[in-house]
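**Q** Before I ask anything, here is the structure I am working with.
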Amino acid sequence: MIRDIVIFGPVLYYSTMEIIVKKPSEAEIDSMQLQPTWGCGVSEFKWEYDSDEEALILEGEVTVTYDGKSVSFGAGDYVTFPKGLACVWKVSKPVKKHYIFR
């Protein structure tokens, strides 16, 4: 899915919807610990993001599918979801996360 089209001079760039999963820095951990938490049990549900979201996964295991792709993440991961993403969450172990919408 194309998110944005950006033109820089004669070059046309396409920005795609991608979920980014990484290990957080100490600063990201410290910042996210001040944010609210959310959790849910083993389940499967559709979700659409109307804002960018960053999340620090505290517990659990999740696989998110979107645009024919899938991304798995779990405890200790820092995940960024782009605005406009439509996906399906499959929670295989109860999840708990700190989150912030930007």
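Residue numbers start at 1 in each chain; chains themselves are named A, B, ... in the order of the structure tokens; ligands are numbered from 1 in the order shown.
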If we count only C-alpha atoms and set the cut-off at 6 Å, which residues sit around Cys87 of chain A, ignoring sequence neighbours fewer than 6 positions away in its own chain? Please answer as JSON, numbers by chain.
**A** {"A": [46, 47, 65, 66]}
**Q** Write the selection just made, keeping C-alpha atoms, as a PDB file, in the first residue's frame?
**A**
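For reference, result28.pdb as written:
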```pdb
ATOM      1  CA  LYS A  46      -8.842  -6.237  12.858  1.00  0.00           C
ATOM      2  CA  TRP A  47      -7.324  -2.818  13.581  1.00  0.00           C
ATOM      3  CA  THR A  65      -0.648  -9.263   9.048  1.00  0.00           C
ATOM      4  CA  TYR A  66      -1.115  -6.485   6.478  1.00  0.00           C
TER       5      TYR A  66
END
```
**Q** With a distance cut-off of 7 Å and only C-alpha atoms, select the neighbouring residues of Glu53 of chain A, excluding the residue or stretch itself and same-chain residues fewer than 6 positions from it, and output the selection as a list in words.
**A**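 Listing them by chain and then by number gives Thr80, Phe81, Pro82, Tyr99, Ile100, Phe101 and Arg102 of chain A.
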**Q** Could you turn the residues from that selection into a file that holds C-alpha atoms, as a short mmCIF file (atom, residue, chain, number, x, y, z; two decimals), in the first residue's frame?
**A**
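Generated file (part-v5.cif):
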```
data_model
loop_
_atom_site.label_atom_id
_atom_site.label_comp_id
_atom_site.auth_asym_id
_atom_site.auth_seq_id
_atom_site.Cartn_x
_atom_site.Cartn_y
_atom_site.Cartn_z
CA THR A 80 6.14 1.51 15.24
CA PHE A 81 2.82 1.34 13.35
CA PRO A 82 2.17 3.95 10.63
CA TYR A 99 2.04 2.97 23.90
CA ILE A 100 1.86 6.49 22.53
CA PHE A 101 0.00 7.89 19.52
CA ARG A 102 1.72 10.68 17.61
#
```
**Q** Got a sec to tell me which of chain A DSSP assigns to strand (DSSP E or B), as JSON, numbers by chain?
**A** {"A": [2, 3, 4, 5, 6, 7, 8, 11, 12, 13, 14, 15, 16, 20, 21, 22, 37, 38, 39, 40, 43, 44, 45, 46, 47, 48, 53, 54, 55, 56, 57, 58, 59, 60, 61, 62, 63, 64, 65, 66, 69, 70, 71, 72, 73, 74, 78, 79, 80, 81, 86, 87, 88, 89, 90, 91, 92, 93, 94, 95, 96, 97, 98, 99, 100, 101]}
**Q** Write out as a ChimeraX atom specification the residues lying within 6 Å of segment 20-36 of chain A, counting only C-alpha atoms and excluding same-chain residues fewer than 6 positions away.
**A** /A:77-80,98
**Q** Need to verify the contact set: Ala75 of chain A, 10 Å, only C-alpha atoms, exclusion of same-chain residues closer than 5 positions in sequence. Can you return it as a PyMOL selection string?
**A** chain A and resi 23+56-62+95-97
**Q** So that I can see what lies close to Lys83 of chain A, please list as a list in words the residues with an atom at most 8 Å from it, counting only C-alpha atoms and leaving out residues fewer than 5 positions away in the same chain.
**A**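 Everything that qualifies: Tyr49, Asp50, Ser51, Asp52 and Glu53 of chain A.
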**Q** Kindly save the residues from that selection, with N, CA and C atoms included, as a tab-separated table (two decimals), in the first residue's frame.
**A**
```tsv
chain	number	residue	atom	x	y	z
A	49	TYR	N	-5.06	2.06	12.08
A	49	TYR	CA	-4.40	3.14	12.81
A	49	TYR	C	-4.75	4.49	12.20
A	50	ASP	N	-5.34	5.38	13.02
A	50	ASP	CA	-5.64	6.72	12.53
A	50	ASP	C	-4.58	7.72	12.97
A	51	SER	N	-3.54	7.22	13.65
A	51	SER	CA	-2.36	7.99	14.03
A	51	SER	C	-1.17	7.03	14.02
A	52	ASP	N	0.03	7.59	13.93
A	52	ASP	CA	1.22	6.76	14.14
A	52	ASP	C	1.20	6.29	15.59
A	53	GLU	N	1.61	5.05	15.83
A	53	GLU	CA	1.72	4.54	17.20
A	53	GLU	C	3.10	3.95	17.41
```
**Q** Skip Asp67 of chain A itself and residues of its chain fewer than 2 positions away, then list as a VMD selection string all residues within 9 Å of it, counting only C-alpha atoms.
**A** chain A and resid 1 17 65 69 to 70 86 to 87
**Q** Mind checking DSSP for segment 15-57 of chain A and telling me the alpha helix (DSSP H) residues as a list in words?
**A** Glu26, Ala27, Glu28, Ile29, Asp30, Ser31 and Met32 of chain A
**Q** Take the selection from the previous step and output its residues with N, CA and C atoms, as an mmCIF file, in the first residue's frame.
**A**
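Output saved as selection_25.cif:
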```cif
data_model
loop_
_atom_site.group_PDB
_atom_site.id
_atom_site.type_symbol
_atom_site.label_atom_id
_atom_site.label_comp_id
_atom_site.auth_asym_id
_atom_site.auth_seq_id
_atom_site.Cartn_x
_atom_site.Cartn_y
_atom_site.Cartn_z
ATOM 1 N N GLU A 26 17.903 2.804 25.540
ATOM 2 C CA GLU A 26 17.592 3.113 26.950
ATOM 3 C C GLU A 26 16.688 4.339 27.043
ATOM 4 N N ALA A 27 16.929 5.337 26.201
ATOM 5 C CA ALA A 27 16.101 6.547 26.216
ATOM 6 C C ALA A 27 14.658 6.217 25.829
ATOM 7 N N GLU A 28 14.472 5.343 24.839
ATOM 8 C CA GLU A 28 13.120 4.959 24.438
ATOM 9 C C GLU A 28 12.413 4.193 25.560
ATOM 10 N N ILE A 29 13.142 3.318 26.232
ATOM 11 C CA ILE A 29 12.557 2.574 27.361
ATOM 12 C C ILE A 29 12.125 3.548 28.453
ATOM 13 N N ASP A 30 13.017 4.464 28.821
ATOM 14 C CA ASP A 30 12.705 5.444 29.873
ATOM 15 C C ASP A 30 11.486 6.284 29.505
ATOM 16 N N SER A 31 11.426 6.739 28.270
ATOM 17 C CA SER A 31 10.311 7.569 27.814
ATOM 18 C C SER A 31 9.000 6.786 27.812
ATOM 19 N N MET A 32 9.027 5.552 27.323
ATOM 20 C CA MET A 32 7.805 4.762 27.215
ATOM 21 C C MET A 32 7.263 4.339 28.581
#
```
